[in-house]
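Structure data follow from my_file-v4.txt (compact mmCIF, C-alpha atoms):
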```txt
# COMPACT_ATOMS: atom_id res chain seq x y z
CA MET V 104 138.79 -154.76 147.31
CA THR V 105 136.11 -154.33 149.99
CA SER V 106 133.99 -157.39 150.80
CA LEU V 107 130.88 -157.98 152.87
CA SER V 108 129.06 -161.23 153.69
CA LEU V 109 125.44 -161.20 154.85
CA MET V 110 122.65 -163.70 155.40
CA ALA V 111 119.39 -163.42 153.48
CA PRO V 112 117.12 -164.89 156.17
CA ALA V 113 113.95 -166.92 155.81
CA LYS V 114 110.64 -165.40 156.84
CA LEU V 115 107.47 -167.04 158.00
CA ASN V 116 103.96 -165.68 157.62
CA LEU V 117 102.50 -166.63 161.00
CA PHE V 118 99.12 -165.79 159.46
CA LEU V 119 97.94 -164.37 156.12
CA HIS V 120 94.52 -162.80 155.60
CA ILE V 121 93.33 -161.54 152.21
CA ASN V 122 90.85 -158.70 152.65
CA ALA V 123 90.08 -157.62 149.08
CA GLN V 124 91.33 -157.40 145.51
CA ARG V 125 92.00 -153.92 144.21
CA ALA V 126 91.16 -152.63 140.76
CA ASP V 127 94.84 -152.84 139.77
CA GLY V 128 94.86 -156.58 140.53
CA TYR V 129 96.86 -156.34 143.76
CA HIS V 130 95.40 -157.78 146.94
CA GLU V 131 94.79 -156.02 150.24
CA LEU V 132 96.14 -158.27 152.96
CA GLU V 133 97.16 -158.53 156.58
CA THR V 134 100.03 -160.77 157.58
CA LEU V 135 102.45 -161.24 160.45
CA PHE V 136 106.07 -161.65 159.35
CA THR V 137 108.82 -163.06 161.53
CA PHE V 138 112.42 -163.83 160.62
CA LEU V 139 114.39 -167.00 161.22
CA GLU V 140 118.08 -167.34 161.98
CA PHE V 141 118.58 -169.41 158.84
CA GLY V 142 118.90 -168.39 155.22
CA ASP V 143 120.88 -167.94 152.05
CA GLU V 144 124.43 -166.57 152.26
CA LEU V 145 125.62 -163.76 149.99
CA ASN V 146 129.16 -162.46 149.64
CA PHE V 147 129.64 -159.05 148.00
CA THR V 148 132.99 -157.88 146.66
CA CYS V 149 133.71 -154.58 144.91
CA THR V 150 135.49 -155.03 141.59
CA GLU V 151 137.44 -152.83 139.22
CA GLN V 152 135.26 -153.94 136.30
CA ASP V 153 132.14 -151.79 136.05
CA ASN V 154 129.64 -154.63 135.95
CA ILE V 155 127.41 -156.82 138.13
CA GLU V 156 128.47 -160.45 138.36
CA ILE V 157 126.55 -163.21 140.14
CA THR V 158 128.07 -166.62 140.82
CA GLY V 159 127.06 -169.66 142.84
CA ASP V 160 123.64 -171.26 143.19
CA THR V 161 121.74 -169.29 140.55
CA HIS V 162 119.79 -172.37 139.36
CA GLY V 163 120.16 -171.30 135.74
CA ILE V 164 118.06 -168.14 136.12
CA ALA V 165 118.95 -165.63 133.41
CA LEU V 166 120.93 -162.69 134.79
CA GLU V 167 118.34 -160.08 133.81
CA ASP V 168 115.60 -162.13 135.55
CA ASN V 169 117.56 -162.58 138.78
CA LEU V 170 116.18 -160.47 141.66
CA ILE V 171 119.70 -160.02 143.02
CA TYR V 172 120.79 -158.51 139.70
CA LYS V 173 117.66 -156.32 139.55
CA ALA V 174 118.32 -155.05 143.08
CA ALA V 175 121.95 -154.24 142.31
CA SER V 176 121.01 -152.55 139.04
CA ALA V 177 118.43 -150.39 140.81
CA LEU V 178 121.21 -148.85 142.95
CA ARG V 179 123.58 -147.99 140.11
CA PRO V 180 122.19 -144.44 139.67
CA PHE V 181 122.85 -143.69 143.35
CA ARG V 182 126.43 -144.93 143.72
CA SER V 183 129.23 -142.52 144.59
CA VAL V 184 132.09 -144.92 143.77
CA GLU V 185 133.03 -146.21 140.33
CA THR V 186 133.25 -149.90 141.09
CA GLY V 187 131.38 -152.97 139.96
CA ILE V 188 130.18 -155.74 142.23
CA SER V 189 130.68 -159.49 142.34
CA ILE V 190 128.04 -161.42 144.29
CA ALA V 191 128.46 -165.06 145.30
CA LEU V 192 125.24 -166.81 146.33
CA SER V 193 125.03 -169.90 148.52
CA LYS V 194 121.41 -171.02 148.38
CA LYS V 195 119.83 -172.72 151.39
CA LEU V 196 116.21 -171.61 151.06
CA PRO V 197 113.96 -173.49 148.61
CA MET V 198 112.67 -171.61 145.58
CA GLY V 199 108.88 -171.41 145.44
CA GLY V 200 108.74 -172.33 149.11
CA GLY V 201 107.03 -169.29 150.59
CA VAL V 202 109.92 -168.48 152.93
CA GLY V 203 110.93 -165.38 150.97
CA GLY V 204 114.17 -166.61 149.41
CA GLY V 205 114.14 -164.37 146.33
CA SER V 206 112.79 -161.33 148.17
CA SER V 207 115.26 -161.79 151.01
CA ASP V 208 118.16 -162.10 148.54
CA ALA V 209 117.03 -158.87 146.87
CA ALA V 210 116.70 -156.99 150.17
CA THR V 211 120.08 -158.16 151.45
CA THR V 212 121.58 -157.03 148.14
CA LEU V 213 120.06 -153.56 148.57
CA LEU V 214 121.35 -153.30 152.15
CA ALA V 215 124.87 -154.45 151.25
CA ILE V 216 125.39 -152.49 148.05
CA ASN V 217 123.96 -149.33 149.62
CA GLN V 218 127.04 -149.48 151.86
CA LEU V 219 129.64 -150.74 149.38
CA TRP V 220 128.67 -148.24 146.69
CA LYS V 221 128.19 -145.47 149.29
CA CYS V 222 124.68 -144.71 148.04
CA HIS V 223 123.65 -143.15 151.38
CA LEU V 224 120.01 -144.17 150.94
CA SER V 225 117.67 -144.50 153.92
CA HIS V 226 115.89 -147.77 154.71
CA GLN V 227 112.66 -146.05 153.65
CA LYS V 228 114.11 -145.25 150.20
CA LEU V 229 115.55 -148.77 149.88
CA ALA V 230 112.13 -150.20 150.78
CA GLU V 231 110.49 -148.06 148.07
CA ILE V 232 112.98 -149.43 145.53
CA GLY V 233 112.45 -152.93 146.89
CA LEU V 234 108.66 -152.76 146.57
CA LYS V 235 109.09 -152.52 142.78
CA LEU V 236 110.99 -155.83 142.91
CA GLY V 237 108.46 -157.70 145.05
CA ALA V 238 105.79 -157.13 147.70
CA ASP V 239 107.83 -158.89 150.43
CA VAL V 240 111.10 -157.01 149.83
CA PRO V 241 110.28 -154.00 152.09
CA VAL V 242 109.82 -156.13 155.22
CA PHE V 243 113.29 -157.63 154.69
CA VAL V 244 114.76 -154.17 154.09
CA ASN V 245 113.21 -152.85 157.32
CA GLY V 246 114.42 -155.96 159.11
CA LYS V 247 111.93 -156.13 161.98
CA THR V 248 109.19 -158.61 162.82
CA ALA V 249 106.11 -156.78 161.62
CA LEU V 250 102.40 -156.76 160.96
CA ALA V 251 102.06 -155.91 157.26
CA GLN V 252 98.94 -154.36 155.75
CA GLY V 253 97.89 -152.83 152.45
CA VAL V 254 99.69 -154.76 149.71
CA GLY V 255 102.45 -155.47 152.21
CA GLU V 256 103.98 -152.00 152.33
CA LYS V 257 102.38 -150.73 155.57
CA LEU V 258 104.55 -152.20 158.32
CA THR V 259 104.05 -152.03 162.07
CA ALA V 260 106.97 -153.47 164.06
CA VAL V 261 106.06 -155.94 166.80
CA ASN V 262 108.07 -157.91 169.33
CA LEU V 263 107.40 -161.62 169.71
CA PRO V 264 108.93 -164.07 172.16
CA GLN V 265 111.58 -166.26 170.55
CA ARG V 266 110.25 -169.61 169.42
CA TRP V 267 111.75 -172.54 167.56
CA PHE V 268 110.31 -173.73 164.26
CA CYS V 269 110.60 -176.84 162.18
CA VAL V 270 110.04 -175.87 158.55
CA VAL V 271 109.28 -178.53 155.95
CA PHE V 272 109.54 -178.17 152.17
CA PRO V 273 107.52 -180.91 150.44
CA ASN V 274 109.50 -180.60 147.17
CA VAL V 275 106.74 -178.94 145.17
CA HIS V 276 107.06 -175.44 143.77
CA VAL V 277 103.99 -173.27 144.26
CA SER V 278 103.43 -170.38 141.85
CA THR V 279 102.42 -167.27 143.78
CA GLY V 280 100.86 -165.88 140.61
CA THR V 281 98.71 -168.99 140.17
CA VAL V 282 97.44 -168.75 143.75
CA PHE V 283 96.64 -165.03 143.68
CA THR V 284 94.85 -165.19 140.32
CA HIS V 285 92.84 -168.33 141.12
CA PRO V 286 89.05 -167.76 141.25
CA ASP V 287 88.73 -169.97 144.35
CA LEU V 288 91.06 -167.87 146.49
CA PRO V 289 89.14 -166.25 149.40
CA ARG V 290 89.34 -162.46 149.12
CA ASP V 291 86.90 -161.18 151.75
CA THR V 292 88.38 -161.84 155.19
CA ALA V 293 87.36 -159.04 157.56
CA LYS V 294 90.18 -156.72 158.58
CA LEU V 295 91.56 -157.16 162.06
CA SER V 296 90.14 -154.87 164.72
CA GLY V 297 91.68 -154.49 168.14
CA ASP V 298 94.43 -156.78 169.38
CA TRP V 299 95.48 -159.16 166.57
CA GLN V 300 96.92 -161.52 169.18
CA LEU V 301 93.39 -162.24 170.42
CA ALA V 302 91.95 -162.77 166.93
CA ASN V 303 91.34 -166.09 165.19
CA THR V 304 93.97 -166.17 162.46
CA ASN V 305 94.79 -168.49 159.59
CA ASN V 306 96.37 -168.56 156.13
CA ASP V 307 93.71 -167.77 153.54
CA CYS V 308 95.82 -169.40 150.80
CA GLU V 309 96.12 -172.73 152.58
CA ALA V 310 92.88 -174.46 151.54
CA LEU V 311 93.39 -173.62 147.85
CA VAL V 312 97.06 -174.66 147.85
CA LYS V 313 96.20 -177.96 149.55
CA LYS V 314 93.69 -178.63 146.76
CA LEU V 315 96.11 -177.69 143.97
CA TYR V 316 99.16 -179.37 145.55
CA PRO V 317 98.20 -182.55 147.49
CA GLU V 318 101.76 -182.91 148.78
CA VAL V 319 101.25 -179.71 150.81
CA GLU V 320 98.12 -181.18 152.38
CA LYS V 321 100.06 -184.34 153.21
CA THR V 322 102.84 -182.29 154.83
CA LEU V 323 100.43 -180.31 156.99
CA GLY V 324 98.71 -183.51 158.07
CA TRP V 325 102.04 -185.04 159.08
CA LEU V 326 103.12 -181.97 161.06
CA LEU V 327 99.86 -181.90 163.01
CA LYS V 328 101.23 -184.75 165.12
CA TYR V 329 103.62 -182.26 166.67
CA GLY V 330 101.45 -179.16 167.07
CA PRO V 331 99.29 -176.68 165.15
CA ALA V 332 100.75 -176.72 161.63
CA ARG V 333 100.45 -173.93 159.13
CA MET V 334 101.63 -173.04 155.64
CA THR V 335 103.74 -169.92 155.13
CA GLY V 336 102.84 -167.41 152.42
CA THR V 337 101.51 -169.08 149.30
CA GLY V 338 103.51 -172.23 150.15
CA ALA V 339 104.85 -174.74 149.69
CA CYS V 340 106.73 -174.70 153.02
CA CYS V 341 104.81 -175.65 156.14
CA PHE V 342 105.87 -175.17 159.73
CA VAL V 343 105.16 -176.10 163.30
CA GLU V 344 106.06 -173.90 166.27
CA LEU V 345 107.89 -175.51 169.19
CA ASP V 346 109.24 -174.38 172.52
CA CYS V 347 112.88 -175.46 172.25
CA ALA V 348 115.62 -176.56 169.87
CA THR V 349 115.47 -180.16 171.07
CA SER V 350 111.77 -180.50 170.26
CA ALA V 351 112.25 -178.91 166.82
CA GLN V 352 115.19 -181.18 166.01
CA ARG V 353 113.18 -184.24 167.06
CA VAL V 354 110.54 -183.36 164.46
CA LEU V 355 113.18 -182.82 161.78
CA ASP V 356 114.88 -186.13 162.60
CA SER V 357 111.64 -188.01 161.94
CA LEU V 358 110.98 -186.23 158.63
CA PRO V 359 110.11 -188.57 155.72
CA SER V 360 113.02 -188.81 153.28
CA CYS V 361 110.90 -187.45 150.41
CA TRP V 362 110.83 -183.98 152.03
CA GLN V 363 113.45 -181.43 153.06
CA GLY V 364 113.47 -179.31 156.17
CA PHE V 365 115.37 -177.21 158.67
CA VAL V 366 115.03 -175.97 162.23
CA ALA V 367 115.70 -172.43 163.38
CA PRO V 368 114.75 -169.96 166.09
CA SER V 369 112.77 -166.83 165.32
CA THR V 370 114.27 -163.38 165.79
CA ASN V 371 112.70 -159.93 165.93
CA ILE V 372 115.67 -158.37 164.12
CA SER V 373 116.77 -159.73 160.75
CA PRO V 374 120.20 -161.43 160.87
CA ALA V 375 121.14 -159.38 157.79
CA HIS V 376 120.78 -156.21 159.87
CA THR V 377 122.64 -157.64 162.85
CA GLN V 378 125.55 -158.72 160.64
CA LEU V 379 125.58 -155.41 158.75
CA ASP V 380 125.70 -153.44 162.01
CA SER V 381 128.70 -155.52 163.14
CA TRP V 382 130.46 -154.93 159.81
CA LEU V 383 129.86 -151.16 160.00
CA LYS V 384 131.36 -151.02 163.50
CA MET V 385 134.48 -152.80 162.20
CA GLN V 386 134.86 -150.21 159.43
CA LYS V 387 135.16 -147.34 161.92
```

Starting from the file, give its structure as structure tokens.
Amino acid sequence: MTSLSLMAPAKLNLFLHINAQRADGYHELETLFTFLEFGDELNFTCTEQDNIEITGDTHGIALEDNLIYKAASALRPFRSVETGISIALSKKLPMGGGVGGGSSDAATTLLAINQLWKCHLSHQKLAEIGLKLGADVPVFVNGKTALAQGVGEKLTAVNLPQRWFCVVFPNVHVSTGTVFTHPDLPRDTAKLSGDWQLANTNNDCEALVKKLYPEVEKTLGWLLKYGPARMTGTGACCFVELDCATSAQRVLDSLPSCWQGFVAPSTNISPAHTQLDSWLKMQK
């Protein structure tokens, strides 16, 4: 049966501004997403049994609550082949880390199964389906470094020079829901005007998360020795930007044993898209 292996890459929010809270509870925001050449690995295999099977590092999450399962299920009405799918997950990205692990897994699932089930859906349609699974899923589906606005669905592709990052996970799990519903979260940052690259940017969630999770504050303080440190998304992962692999690895090598981390270069095109394009060329 046909198989396809793709990465579900990490993302970093290089900044995150919260502009307002809407009447429906969602937040208006502006954030700059970039991808890293590091992530979870997913292997997809078509099966004769008409079901969706997920194996590997599922961390005990119930099947119906798994974003990979939800993404696969969302494509069932569009398939033009009568096969099931078996998905093997090798998890490298921390859960609750703010690097997009669950959203990236879901987006990679949509991209892969769209091909294996011959759904013939555009990236725009896949992004619309993905938005119902999570606010970050569309940026992974589109697969380009982007400035995101609105609730995360308005994407403007940008090109950034490649940089190396050391990303540190301080072994605490931050609840995105807790952060976005907290009364102390700033919700009135002025919207960017003009060139965002000239603006003063930060992560509006950072001060609150540092207060709620002291280990995040400790991590940021430690990383400051090596450069301007910042938290990604709602945390808990923190990162420092460096100019080469050697510098990034030096930071990782000195990491306290109580934390986990990885180094990776940024990329303007998601590795999932690069790998999928290579696979499609091989099918011709």

remark   = The distance between CA of Trp362 in chain V and CA of Glu318 in chain V is 9.7 Å

task = Could you tell me how far CA of Gly280 in chain V lies from CA of Gly200 in chain V, in Å and to one decimal?
result = 13.3 Å

As AutoDock Vina command-line options, what would the box around range 152-158 of chain V look like: edges along x, y and z, 8 Å added on every side, centre and edge lengths in Å to one decimal?
```
--center_x 130.9 --center_y -159.2 --center_z 138.4 --size_x 24.7 --size_y 30.8 --size_z 20.9
```

remark   = Expressed in Å, the length from CA of His376 in chain V to CA of Gln252 in chain V is 22.3 Å

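Counting only C-alpha atoms and comparing V:Ser106, V:Asn154, V:Thr370, V:Asn146, the residue that lies closest to Lys194 in chain V is V:Asn146.
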
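Using all atoms listed in the file, the smallest distance between any of V:Gly142, V:Gly297, V:Pro368, V:Gly205 and Ile164 in chain V comes from V:Gly205.
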
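Minimum distance to Leu119 in chain V across V:Ile157, V:Ile190, V:Cys308, V:Leu196 (counting all atoms listed in the file) occurs at V:Cys308.
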
ask   = Which is closer to Ala332 in chain V than all the others in V:Ala238, V:Leu263, V:Leu117, V:Ala249, using all atoms listed in the file?
value = V:Leu117

message = So that I can check the surroundings of Gly253 in chain V, please list as a PyMOL selection string every protein, DNA and RNA residue that reaches within 12 Å of it, counting all atoms listed in the file and ignoring chain neighbours fewer than 2 positions away.
response = chain V and resi 120-125+129-134+238-239+250-251+255-259+294

ask   = Quick one: of V:Gly336, V:Ala375, V:Glu156, V:Phe268, who's nearest to Leu213 in chain V, counting all atoms listed in the file?
value = V:Ala375

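Candidate residues V:Leu323, V:Ala293, V:Val354, V:Leu145 were compared for distance to Ala209 in chain V, and the nearest is V:Leu145, using only C-alpha atoms.
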
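Once Arg179 in chain V and its same-chain neighbours fewer than 2 positions away are set aside, Asn154, Ile155, Ala174, Ala175, Ser176, Ala177, Phe181, Arg182, Ser183, Val184, Glu185, Thr186, Gly187, Ile216, Asn217, Trp220 and Cys222 of chain V remain within 10 Å of it when counting only C-alpha atoms.
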
message = as a ChimeraX atom specification, please: the residues near range 269-274 of chain V (cut-off 9 Å, only C-alpha atoms, same-chain neighbours under 6 positions excluded).
response = /V:197,200,318-319,321-322,326,338-345,350-352,354-355,358,361-368

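Every polymer residue reaching to within 10 Å of (110.1, -155.4, 143.9), counting all atoms listed in the file, appears in this list: V:Leu170, V:Lys173, V:Ala174, V:Ser206, V:Ala209, V:Ala210, V:Ala230, V:Glu231, V:Ile232, V:Gly233, V:Leu234, V:Lys235, V:Leu236, V:Gly237, V:Ala238, V:Asp239, V:Val240, V:Pro241.
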